Structure formats: C-alpha cells, structure tokens
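input34.cif, holding mmCIF, C-alpha atoms and all ligand atoms:
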```
data_query
loop_
_atom_site.label_atom_id
_atom_site.label_comp_id
_atom_site.auth_asym_id
_atom_site.auth_seq_id
_atom_site.Cartn_x
_atom_site.Cartn_y
_atom_site.Cartn_z
CA MET U 1 106.00 90.68 80.14
CA ASP U 2 109.38 92.29 80.57
CA SER U 3 110.54 92.95 77.04
CA ALA U 4 109.28 95.61 74.69
CA PRO U 5 106.52 94.27 72.47
CA ALA U 6 107.40 93.35 68.92
CA SER U 7 104.05 93.50 67.17
CA ASP U 8 102.96 96.70 65.42
CA ASP U 9 99.42 96.73 66.74
CA VAL U 10 100.73 97.14 70.26
CA TYR U 11 100.74 100.84 69.47
CA LEU U 12 97.83 103.18 68.98
CA ARG U 13 96.98 104.43 65.54
CA PRO U 14 98.68 107.79 64.98
CA SER U 15 95.29 109.40 64.39
CA VAL U 16 93.99 108.59 67.90
CA GLN U 17 93.29 111.80 69.82
CA THR U 18 91.16 110.80 72.77
CA ALA U 19 91.23 107.97 75.29
CA VAL U 20 88.32 107.13 77.55
CA LYS U 21 88.00 104.49 80.26
CA LEU U 22 85.37 102.21 81.69
CA LEU U 23 85.85 100.15 84.84
CA ILE U 24 85.01 96.45 85.02
CA VAL U 25 84.49 95.78 88.70
CA GLY U 26 83.33 93.03 90.98
CA HIS U 27 84.27 90.73 93.82
CA PHE U 28 86.91 87.99 93.79
CA ALA U 29 86.77 85.53 90.87
CA VAL U 30 83.64 87.03 89.32
CA GLY U 31 85.15 87.22 85.82
CA LYS U 32 86.85 90.64 85.56
CA THR U 33 90.06 89.37 83.96
CA THR U 34 88.10 87.14 81.61
CA PHE U 35 85.85 90.01 80.53
CA VAL U 36 88.74 92.37 79.80
CA GLY U 37 90.62 89.62 77.95
CA THR U 38 87.62 88.73 75.81
CA LEU U 39 87.26 92.27 74.49
CA SER U 40 90.82 93.58 74.33
CA GLU U 41 92.51 94.06 70.97
CA ILE U 42 95.91 93.92 72.62
CA ARG U 43 97.25 91.12 74.77
CA PRO U 44 95.69 92.09 78.10
CA LEU U 45 98.18 93.68 80.41
CA CYS U 46 98.39 93.75 84.12
CA THR U 47 99.94 96.33 86.32
CA GLU U 48 100.01 96.99 90.00
CA GLU U 49 99.30 99.72 92.42
CA VAL U 50 101.10 99.47 95.73
CA MET U 51 99.02 100.35 98.74
CA THR U 52 99.44 100.50 102.47
CA GLU U 53 97.21 98.19 104.44
CA ALA U 54 95.24 101.28 105.41
CA GLY U 55 94.34 101.78 101.78
CA ALA U 56 96.55 104.72 100.89
CA LEU U 57 98.19 104.60 97.50
CA VAL U 58 101.92 104.37 98.09
CA ASP U 59 103.64 107.04 96.12
CA ASP U 60 106.22 107.64 98.78
CA LEU U 61 108.68 104.98 97.77
CA ALA U 62 111.15 106.01 100.41
CA GLY U 63 108.75 104.99 103.13
CA MET U 64 107.52 101.94 101.33
CA ARG U 65 109.92 99.46 102.82
CA ASP U 66 108.91 100.29 106.36
CA LYS U 67 105.20 99.88 105.87
CA THR U 68 103.05 96.88 105.43
CA THR U 69 102.09 97.11 101.82
CA THR U 70 99.88 95.16 99.53
CA THR U 71 99.69 95.25 95.77
CA VAL U 72 96.47 95.54 93.84
CA ALA U 73 96.44 94.08 90.35
CA LEU U 74 94.73 96.04 87.60
CA ASP U 75 94.11 94.18 84.36
CA PHE U 76 93.43 96.31 81.42
CA GLY U 77 92.67 96.04 77.77
CA ARG U 78 92.12 98.33 74.82
CA LEU U 79 89.52 98.75 72.09
CA THR U 80 90.07 101.20 69.26
CA LEU U 81 86.58 102.48 68.52
CA ASN U 82 87.33 104.72 65.55
CA ASP U 83 90.26 106.57 64.00
CA ARG U 84 90.44 109.07 66.79
CA LEU U 85 88.93 107.38 69.85
CA VAL U 86 90.22 104.54 71.99
CA LEU U 87 88.51 102.86 74.95
CA TYR U 88 90.44 101.32 77.82
CA LEU U 89 88.85 98.77 80.14
CA PHE U 90 90.24 98.40 83.65
CA GLY U 91 89.44 95.37 85.73
CA THR U 92 89.40 96.56 89.31
CA PRO U 93 88.87 94.57 92.50
CA GLY U 94 86.05 95.73 94.69
CA GLN U 95 87.49 96.30 98.13
CA GLN U 96 86.36 99.47 99.73
CA ARG U 97 89.53 100.01 101.72
CA PHE U 98 91.57 100.97 98.67
CA THR U 99 90.40 104.56 98.89
CA ARG U 100 93.11 106.29 96.92
CA LEU U 101 93.01 103.65 94.21
CA TRP U 102 89.30 104.28 93.80
CA GLN U 103 89.87 108.02 93.60
CA ASP U 104 92.40 107.46 90.85
CA MET U 105 90.36 104.89 88.98
CA THR U 106 87.07 106.77 89.03
CA ARG U 107 88.56 110.13 88.05
CA GLY U 108 87.79 110.61 84.37
CA ALA U 109 86.03 107.24 84.03
CA LEU U 110 82.80 107.24 82.03
CA GLY U 111 81.17 104.60 84.19
CA ALA U 112 81.49 101.05 85.47
CA LEU U 113 80.16 97.60 84.70
CA VAL U 114 79.62 95.59 87.87
CA LEU U 115 80.01 91.85 87.25
CA ALA U 116 77.86 89.77 89.58
CA ASP U 117 77.57 86.05 90.25
CA SER U 118 74.08 84.77 91.12
CA ARG U 119 75.59 82.30 93.60
CA ARG U 120 77.06 85.15 95.60
CA LEU U 121 74.95 88.22 95.01
CA SER U 122 75.53 89.73 98.42
CA GLN U 123 79.24 89.99 97.66
CA SER U 124 78.42 92.67 95.09
CA PHE U 125 77.13 95.14 97.65
CA GLU U 126 80.53 96.38 98.68
CA VAL U 127 81.62 97.37 95.19
CA MET U 128 78.28 98.95 94.34
CA GLY U 129 78.59 100.97 97.54
CA VAL U 130 82.04 102.18 96.55
CA LEU U 131 80.82 103.29 93.12
CA GLU U 132 77.90 105.14 94.66
CA GLU U 133 80.22 106.82 97.11
CA HIS U 134 82.39 108.05 94.24
CA GLY U 135 79.41 109.08 92.12
CA LEU U 136 80.28 106.74 89.26
CA PRO U 137 77.24 105.46 87.34
CA TYR U 138 77.09 101.72 86.72
CA ALA U 139 75.21 98.88 85.10
CA VAL U 140 75.19 95.30 86.39
CA ALA U 141 76.05 92.23 84.31
CA LEU U 142 75.10 88.86 85.75
CA ASN U 143 77.68 86.29 84.73
CA GLN U 144 76.15 82.90 84.20
CA PHE U 145 78.21 80.22 85.93
CA HIS U 146 77.46 76.55 85.31
CA ASP U 147 76.10 75.57 88.69
CA ALA U 148 74.35 78.88 89.27
CA PRO U 149 70.69 78.90 90.20
CA ALA U 150 68.58 80.19 87.30
CA TYR U 151 67.04 83.27 88.87
CA GLU U 152 64.81 85.59 86.92
CA LEU U 153 66.39 89.00 86.37
CA ASP U 154 63.59 90.58 88.39
CA GLU U 155 64.52 88.47 91.38
CA VAL U 156 68.16 89.43 90.99
CA ARG U 157 67.27 93.10 90.67
CA GLU U 158 65.37 92.86 93.92
CA ALA U 159 68.08 90.91 95.69
CA LEU U 160 70.67 93.48 94.65
CA ASP U 161 68.33 96.31 95.56
CA LEU U 162 69.01 98.12 92.27
CA LEU U 163 67.45 101.43 91.35
CA PRO U 164 64.73 101.01 88.71
CA GLU U 165 66.88 102.75 86.08
CA THR U 166 70.04 100.71 86.72
CA PRO U 167 70.51 98.33 83.78
CA LEU U 168 70.79 94.62 84.61
CA VAL U 169 71.79 92.18 81.87
CA ARG U 170 72.91 88.59 81.60
CA CYS U 171 76.42 88.15 80.34
CA ASP U 172 79.00 85.52 79.55
CA ALA U 173 82.36 87.16 80.11
CA ARG U 174 84.00 84.56 77.86
CA ASP U 175 81.86 85.49 74.87
CA ARG U 176 82.81 88.51 72.78
CA VAL U 177 79.31 89.35 71.58
CA SER U 178 77.77 88.89 75.00
CA ALA U 179 80.43 91.03 76.68
CA THR U 180 80.11 93.73 73.99
CA ARG U 181 76.34 93.82 74.49
CA ALA U 182 76.79 94.35 78.23
CA LEU U 183 79.06 97.34 77.56
CA ILE U 184 76.58 98.71 75.01
CA ARG U 185 73.84 98.55 77.62
CA LEU U 186 76.06 100.45 80.06
CA VAL U 187 76.91 103.19 77.56
CA GLU U 188 73.26 103.54 76.49
CA TYR U 189 72.46 104.12 80.13
CA LEU U 190 75.24 106.69 80.49
CA LEU U 191 73.87 108.52 77.45
CA THR U 192 70.34 108.43 78.84
CA ARG U 193 71.64 110.14 81.94
CA THR U 194 72.93 113.04 79.85
CA GLY U 195 69.46 113.30 78.30
CA HIS U 196 70.77 112.63 74.82
CA LEU U 197 69.84 109.09 73.91
CA GLU U 198 67.49 109.01 70.96
CA HIS U 199 65.12 106.17 71.69
CA ALA U 200 66.12 103.12 69.72
CA MET M 1 99.26 84.41 83.33
CA THR M 2 101.73 86.73 84.97
CA PRO M 3 104.06 84.84 87.27
CA ARG M 4 103.93 86.01 90.85
CA ARG M 5 106.86 88.22 91.58
CA ARG M 6 108.25 89.03 94.96
CA PRO M 7 107.06 92.49 95.93
CA ALA M 8 109.88 93.25 98.32
CA ASP M 9 112.59 92.95 95.67
CA ARG M 10 110.68 95.02 93.24
CA LEU M 11 109.99 97.80 95.71
CA VAL M 12 113.65 98.24 96.40
CA ARG M 13 114.30 98.28 92.68
CA SER M 14 111.52 100.81 92.15
CA TYR M 15 113.07 103.05 94.71
CA VAL M 16 116.38 102.88 92.88
CA VAL M 17 114.97 103.55 89.40
CA THR M 18 113.26 106.74 90.50
CA ASP M 19 116.38 107.99 92.30
CA GLY M 20 114.58 107.70 95.60
CA ARG M 21 111.91 110.18 94.65
CA ALA M 22 108.35 109.16 94.63
CA HIS M 23 106.12 112.09 93.87
CA PRO M 24 105.81 112.71 90.18
CA THR M 25 106.66 116.31 89.35
CA ARG M 26 103.33 116.56 87.58
CA ASN M 27 100.02 115.58 88.98
CA THR M 28 98.11 115.52 85.73
CA LEU M 29 98.97 112.01 84.60
CA ASP M 30 96.01 109.69 84.37
CA LEU M 31 96.11 105.98 83.54
CA VAL M 32 94.79 106.80 80.07
CA THR M 33 96.91 109.87 79.34
CA LEU M 34 98.47 109.16 75.93
CA LEU M 35 102.24 109.46 75.68
CA ILE M 36 104.31 110.29 72.64
CA ALA M 37 108.10 110.18 72.55
CA THR M 38 109.82 113.08 70.86
CA ASP M 39 112.46 111.72 68.52
CA ASP M 40 114.91 114.60 68.41
CA LEU M 41 116.40 114.39 71.90
CA PRO M 42 119.34 112.11 72.69
CA LEU M 43 118.93 109.46 75.36
CA THR M 44 122.38 110.02 76.81
CA GLY M 45 122.27 110.77 80.50
CA LEU M 46 119.00 108.91 81.05
CA ASN M 47 119.07 106.05 83.55
CA PRO M 48 118.41 102.55 82.16
CA GLU M 49 114.74 102.54 83.19
CA LYS M 50 114.07 105.84 81.42
CA ARG M 51 115.94 104.60 78.41
CA ARG M 52 113.76 101.46 78.33
CA LEU M 53 110.70 103.63 78.62
CA MET M 54 111.85 105.80 75.70
CA GLU M 55 112.63 102.74 73.60
CA LEU M 56 109.17 101.38 74.32
CA CYS M 57 107.48 104.67 73.39
CA ARG M 58 109.43 105.59 70.26
CA PRO M 59 107.54 103.39 67.76
CA GLY M 60 104.13 104.87 68.63
CA ALA M 61 101.68 106.27 71.17
CA LEU M 62 100.75 104.34 74.33
CA SER M 63 98.81 105.17 77.48
CA VAL M 64 100.41 105.51 80.93
CA ALA M 65 98.80 102.20 81.93
CA GLU M 66 100.25 100.38 78.90
CA VAL M 67 103.72 101.76 79.57
CA ALA M 68 103.55 100.56 83.18
CA GLY M 69 102.25 97.16 82.03
CA HIS M 70 104.84 96.60 79.32
CA LEU M 71 107.68 97.61 81.63
CA SER M 72 106.27 95.66 84.61
CA LEU M 73 106.45 98.71 86.82
CA PRO M 74 103.87 99.76 89.42
CA VAL M 75 101.79 102.64 88.05
CA GLY M 76 103.12 105.06 90.66
CA VAL M 77 106.70 104.37 89.67
CA ALA M 78 105.97 104.64 85.95
CA LYS M 79 104.36 108.02 86.57
CA VAL M 80 107.48 109.32 88.30
CA LEU M 81 109.64 108.31 85.34
CA ILE M 82 107.18 109.71 82.80
CA ALA M 83 106.90 113.03 84.64
CA ASP M 84 110.69 113.39 84.58
CA LEU M 85 110.78 112.60 80.87
CA MET M 86 108.11 115.24 80.31
CA ASP M 87 110.19 117.77 82.22
CA SER M 88 113.21 117.00 80.04
CA GLY M 89 111.13 117.20 76.87
CA HIS M 90 111.52 113.52 75.93
CA ILE M 91 107.82 112.76 76.26
CA VAL M 92 104.79 114.83 75.35
CA THR M 93 101.20 113.96 76.18
CA ARG M 94 98.18 114.06 73.98
CA ALA M 95 95.30 116.14 75.28
CA PRO M 96 94.18 114.45 78.52
CA ILE M 97 90.42 114.38 78.96
CA PRO M 98 89.23 117.41 80.90
CA ALA M 99 87.33 116.50 84.05
CA ALA M 100 84.05 117.66 82.51
CA ARG M 101 84.44 115.45 79.49
CA PRO M 102 83.11 112.13 80.80
CA THR M 103 79.55 113.44 80.74
CA ASP M 104 79.98 114.74 77.21
CA ALA M 105 77.18 113.20 75.19
CA LYS M 106 79.16 113.43 71.98
CA ILE M 107 81.93 111.21 73.33
CA LEU M 108 79.42 108.74 74.77
CA GLN M 109 77.62 108.56 71.44
CA GLU M 110 80.93 107.84 69.70
CA VAL M 111 81.71 105.09 72.21
CA LEU M 112 78.26 103.61 71.67
CA ASP M 113 78.58 103.70 67.86
CA GLY M 114 82.04 102.14 68.07
CA LEU M 115 80.80 99.30 70.28
CA ARG M 116 77.72 98.64 68.14
CA ALA M 117 79.94 98.44 65.04
CA ARG M 118 81.79 95.54 66.67
CA LEU M 119 78.76 93.28 66.81
N1 LIG U 301 80.66 80.04 83.24
C1 LIG U 301 81.32 81.19 83.26
N2 LIG U 301 82.55 81.22 83.79
C2 LIG U 301 83.21 82.38 83.82
C3 LIG U 301 82.63 83.58 83.35
N3 LIG U 301 83.51 84.61 83.56
C4 LIG U 301 84.59 84.05 84.13
N4 LIG U 301 84.43 82.72 84.29
C5 LIG U 301 85.39 81.79 84.93
O1 LIG U 301 85.51 82.17 86.29
C6 LIG U 301 86.84 82.06 86.75
C7 LIG U 301 87.32 83.37 87.34
O2 LIG U 301 87.37 84.35 86.33
P1 LIG U 301 88.42 85.57 86.38
O3 LIG U 301 88.21 86.32 85.09
O4 LIG U 301 89.77 85.14 86.71
O5 LIG U 301 87.81 86.42 87.59
P2 LIG U 301 88.42 87.73 88.27
O6 LIG U 301 87.24 88.56 88.67
O7 LIG U 301 89.44 88.37 87.39
O8 LIG U 301 89.09 87.12 89.55
P3 LIG U 301 90.10 87.83 90.58
O9 LIG U 301 91.01 88.73 89.78
O10 LIG U 301 90.82 86.70 91.22
O11 LIG U 301 89.25 88.57 91.55
C8 LIG U 301 87.65 81.62 85.53
O12 LIG U 301 87.83 80.23 85.63
C9 LIG U 301 86.77 81.96 84.35
O13 LIG U 301 86.98 81.10 83.26
C10 LIG U 301 81.32 83.53 82.80
O14 LIG U 301 80.75 84.54 82.36
N5 LIG U 301 80.72 82.32 82.78
MG MG U 302 91.41 88.92 87.87
#
```

Let me see the structure of the file written as structure tokens.
Amino acid sequence: MDSAPASDDVYLRPSVQTAVKLLIVGHFAVGKTTFVGTLSEIRPLCTEEVMTEAGALVDDLAGMRDKTTTTVALDFGRLTLNDRLVLYLFGTPGQQRFTRLWQDMTRGALGALVLADSRRLSQSFEVMGVLEEHGLPYAVALNQFHDAPAYELDEVREALDLLPETPLVRCDARDRVSATRALIRLVEYLLTRTGHLEHA
Amino acid sequence: MTPRRRPADRLVRSYVVTDGRAHPTRNTLDLVTLLIATDDLPLTGLNPEKRRLMELCRPGALSVAEVAGHLSLPVGVAKVLIADLMDSGHIVTRAPIPAARPTDAKILQEVLDGLRARL
C-alpha cells in the first residue's frame, strides 16, 4: 500500500478526458467493499477521511490532535468505460452524522447504489434518508446472503417504502455480471430521470 | 486487506508533511479530479511527500482519490499537497466535471453503453 505501483495499468489511458463517480452505499457489512472489488479494474484502494465526532471533515490539521477524531474508510475502484471516459466507484458507509463527508461525496456524483440485506432491511433507512437529503438519486440492490429469508421483491419494496420508480434488483456483490447489471439498472434509471432513455 | 494503522501517529505525520497547513489553497479539487504531472519542472526544493507524489504521478494520469490511496494519505492531506503542487506548476488538472454535468444525458448514455459492453 505504501510504495508506488509498478504495473502499467495503474494509470489512466492518456486519452481519458472525463471522470465520473457513482457511490456504493449501505450499512455495516452489507457488501460495499466486495462490490467495488468485484468490478474494479485496478486493485481496489482504500483511503480515509478524518472527521470529528460531530461529523465535520477535519481539514484543520493543526487542531486535529486536540479533538476526538474518527476515520472513515472509503474504498474505491475504477472502470475505464471507453477511450475518454472513466467511472470511479466509491464505497461509502451510511452514517448520517458524517455531514461534510456526504457533501463531498455527493457533489458531482451521478447517483448511488444502495446495497441492502434482506435480514436487516430497516438498517437501510438511514442511508436512504441521507441520499434523499442530499438530492442524490439511487437504486437499491438486494444482496442475497446464504441464510437470508427469500422475500419477493414486492415485499422488500414495501418494507423499504421505496417510491414506485426507484429500481430494486437482486444482486450478488461477488459476481461481476450480477454487480454490473445492478449498475446498469441504476444508470438506466438516472437516464430516465433526464427524460432521455429510449425504451429498450 | 489494509492493516490497521494507528491514527494518532499518522495525524502527527500528516501535520508535518503539509507544513502545518490544512486548508488547500484551491477548493476545486474533487475526489475524481484527474491529475497530470508536468515533466519540465525540477523536484528540488519539494519536501519528501511532494516528491513521492510527483514520482507517483509522472508515469501517467491518476485521480485525487487514487493518489491519496497509493500514498496512504488521508484525502484532506493529499489535497493540500496537490494544491501546493498546482500552485508551483508541478501538477495540472484535467477538466473537472462542472456541477451541471452529472445530469447530462450524453454522459449517462456513455456510462450505460460502457457498462453494457462489459457484459
Ligand atoms: N452471500 C453473499 N455474501 C456477500 C455478498 N456481498 C458481500 N458478501 C460477504 O459479506 C461480508 C461483508 O462484505 P463487505 O464487502 O466487507 O461489506 P462492507 O459493506 O464493505 O462492510 P463494512 O465496510 O465493514 O461496512 C463478506 O464476508 C462478503 O464476502 C453477497 O452479495 N452475497
Ligand atoms: Mg467495507
């Protein structure tokens, strides 16, 4: 983690002009790191934001030693989509109190994929609330864990109190095709919202 | 997996590497701002952290988030270093996305096509 990477494909293609980001969010242990790792073309990286307990992003390093601080891990990965466009995925924990982090993360983001676990659906409310508060559109992907009850998607939609237009898909964060399909569903939804999706 | 490091040590170190300053001189840096090292300026006079950052960036473009990740620095600290290196002309950025851009249907369509091509 500490040394400069050796491999060539660590770097972006010289032709890349634009970078966009999507957030992969959800409660503790829901599969965020797994999801980002499954799709990333680079070895997934992790970095940290340092926050005060009150949720402010610490960018005053001089005062940092006096305050109670906590670090928030952000995993991220990269997908080069074409010669000029690259997509970054950021795995972001769902706690509401990290206000400044959310401001930073949502600024410029296209949207978010909320990972949910059918054994603990109510734990997804907090993160969905944060996204709504910041006006970031989202889709929900239900990760299928082994011992999870096999709910119908309609039941889950109701339990999560989703808007009729909010996409809800099943997903296995460990599976590349499944994870890609969940992102596709999210981006289709984002396009629909702009009024530009030709009906497939 | 990343080994757990001790935050206290690193915070003190962070404070040192940014010369005790914390606010980046530019506020425009996003996690996905793309950074490109200019190759005509000497690295003499740069502190070791800035030198490491330049060495990381010289072979090709990386985002702010990747630079922070590869150097194991908190994002806030990486931004301070990057902003300084922009001021001194060592680093240039590639067109950050304007705030209006996320709703741009053309970009979304390109993202969608790129994802579908991966299946
Ligand atoms: N069955 C199944 N297991 C999964 C899935 N996604 C993740 N897991 C497992 O769930 C555990 C937690 O996954 P992580 O990716 O670490 O979850 P996380 O959201 O990053 O967790 P925190 O960062 O601690 O909040 C791991 O053991 C994964 O292998 C999934 O889609 N299906
Ligand atoms: Mg994680």

Protein and nucleic acid residues within 7 Å of ligand MG 302 (chain U) (only C-alpha atoms and all ligand atoms) as a PDB file with C-alpha atoms, in the coordinates of the input:
```pdb
ATOM      1  CA  ALA U  29      86.770  85.530  90.870  1.00  0.00           C
ATOM      2  CA  GLY U  31      85.150  87.220  85.820  1.00  0.00           C
ATOM      3  CA  LYS U  32      86.850  90.640  85.560  1.00  0.00           C
ATOM      4  CA  THR U  33      90.060  89.370  83.960  1.00  0.00           C
ATOM      5  CA  ASP U  75      94.110  94.180  84.360  1.00  0.00           C
TER       6      ASP U  75
END
```

May I have the residues within 10 Å of ligand LIG 301 (chain U), computed using all atoms listed in the file, as a compact mmCIF listing (two decimals) with C-alpha atoms, in the frame of the given file?
```
# COMPACT_ATOMS: atom_id res chain seq x y z
CA ILE U 24 85.01 96.45 85.02
CA VAL U 25 84.49 95.78 88.70
CA GLY U 26 83.33 93.03 90.98
CA HIS U 27 84.27 90.73 93.82
CA PHE U 28 86.91 87.99 93.79
CA ALA U 29 86.77 85.53 90.87
CA VAL U 30 83.64 87.03 89.32
CA GLY U 31 85.15 87.22 85.82
CA LYS U 32 86.85 90.64 85.56
CA THR U 33 90.06 89.37 83.96
CA THR U 34 88.10 87.14 81.61
CA PHE U 35 85.85 90.01 80.53
CA VAL U 36 88.74 92.37 79.80
CA GLY U 37 90.62 89.62 77.95
CA THR U 38 87.62 88.73 75.81
CA VAL U 72 96.47 95.54 93.84
CA ALA U 73 96.44 94.08 90.35
CA LEU U 74 94.73 96.04 87.60
CA ASP U 75 94.11 94.18 84.36
CA GLY U 91 89.44 95.37 85.73
CA THR U 92 89.40 96.56 89.31
CA PRO U 93 88.87 94.57 92.50
CA GLY U 94 86.05 95.73 94.69
CA LEU U 115 80.01 91.85 87.25
CA ALA U 116 77.86 89.77 89.58
CA ASP U 117 77.57 86.05 90.25
CA ALA U 141 76.05 92.23 84.31
CA LEU U 142 75.10 88.86 85.75
CA ASN U 143 77.68 86.29 84.73
CA GLN U 144 76.15 82.90 84.20
CA PHE U 145 78.21 80.22 85.93
CA HIS U 146 77.46 76.55 85.31
CA ASP U 147 76.10 75.57 88.69
CA ALA U 148 74.35 78.88 89.27
CA ARG U 170 72.91 88.59 81.60
CA CYS U 171 76.42 88.15 80.34
CA ASP U 172 79.00 85.52 79.55
CA ALA U 173 82.36 87.16 80.11
CA ARG U 174 84.00 84.56 77.86
CA ASP U 175 81.86 85.49 74.87
CA SER U 178 77.77 88.89 75.00
CA ALA U 179 80.43 91.03 76.68
```

- Contacts of segment 60-69 of chain M at 7 Å (all atoms listed in the file; same-chain gap of 4+ positions) as a PyMOL selection string: (chain U and resi 11-12+45-47) or (chain M and resi 30-36+73-75+78)

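Around Leu119 of chain M, within 12 Å and counting all atoms listed in the file, the residues found are U:Leu39, U:Asp175, U:Arg176, U:Val177, U:Ser178, U:Ala179, U:Thr180, U:Arg181, U:Ala182, U:Leu183, U:Ile184, M:Leu112, M:Asp113, M:Gly114, once anything fewer than 5 positions away on its own chain is removed.
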
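Going from atom CA of Leu43 of chain M to atom CA of Ser88 of chain M covers 10.6 Å.
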
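Nearest to chain U of all the residues M:Ile91, M:Lys79, M:Met86, M:Ser72 is M:Ser72, counting all atoms listed in the file.
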
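Of note, atom CA of Asp87 of chain M and atom CA of Gln17 of chain U are spaced 21.8 Å apart.
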
- Message: Which residue is closest to chain U? Choose from M:His70, M:His90, M:Arg58, M:Lys50 and count all atoms listed in the file.
- Response: M:His70

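The space separating atom CA of Leu71 of chain M from atom CA of Glu49 of chain U comes to 13.8 Å.
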
Quick one: everything within 9 Å of segment 159-168 of chain U, counting all atoms listed in the file, minus sequence neighbours fewer than 3 positions away in the same chain. Send it as a PDB file with C-alpha atoms, in the coordinates of the input.
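Writing the result to around_4.pdb gives the following:
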```
ATOM      1  CA  LEU U 121      74.950  88.220  95.010  1.00  0.00           C
ATOM      2  CA  SER U 122      75.530  89.730  98.420  1.00  0.00           C
ATOM      3  CA  SER U 124      78.420  92.670  95.090  1.00  0.00           C
ATOM      4  CA  PHE U 125      77.130  95.140  97.650  1.00  0.00           C
ATOM      5  CA  PRO U 137      77.240 105.460  87.340  1.00  0.00           C
ATOM      6  CA  TYR U 138      77.090 101.720  86.720  1.00  0.00           C
ATOM      7  CA  ALA U 139      75.210  98.880  85.100  1.00  0.00           C
ATOM      8  CA  VAL U 140      75.190  95.300  86.390  1.00  0.00           C
ATOM      9  CA  ALA U 141      76.050  92.230  84.310  1.00  0.00           C
ATOM     10  CA  LEU U 142      75.100  88.860  85.750  1.00  0.00           C
ATOM     11  CA  LEU U 153      66.390  89.000  86.370  1.00  0.00           C
ATOM     12  CA  ASP U 154      63.590  90.580  88.390  1.00  0.00           C
ATOM     13  CA  GLU U 155      64.520  88.470  91.380  1.00  0.00           C
ATOM     14  CA  VAL U 156      68.160  89.430  90.990  1.00  0.00           C
ATOM     15  CA  ALA U 182      76.790  94.350  78.230  1.00  0.00           C
ATOM     16  CA  ARG U 185      73.840  98.550  77.620  1.00  0.00           C
ATOM     17  CA  LEU U 186      76.060 100.450  80.060  1.00  0.00           C
ATOM     18  CA  TYR U 189      72.460 104.120  80.130  1.00  0.00           C
TER      19      TYR U 189
END
```

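Taking only C-alpha atoms into account, chain U lies nearest to M:Cys57 out of the set M:Leu41, M:Leu46, M:Leu85, M:Cys57.
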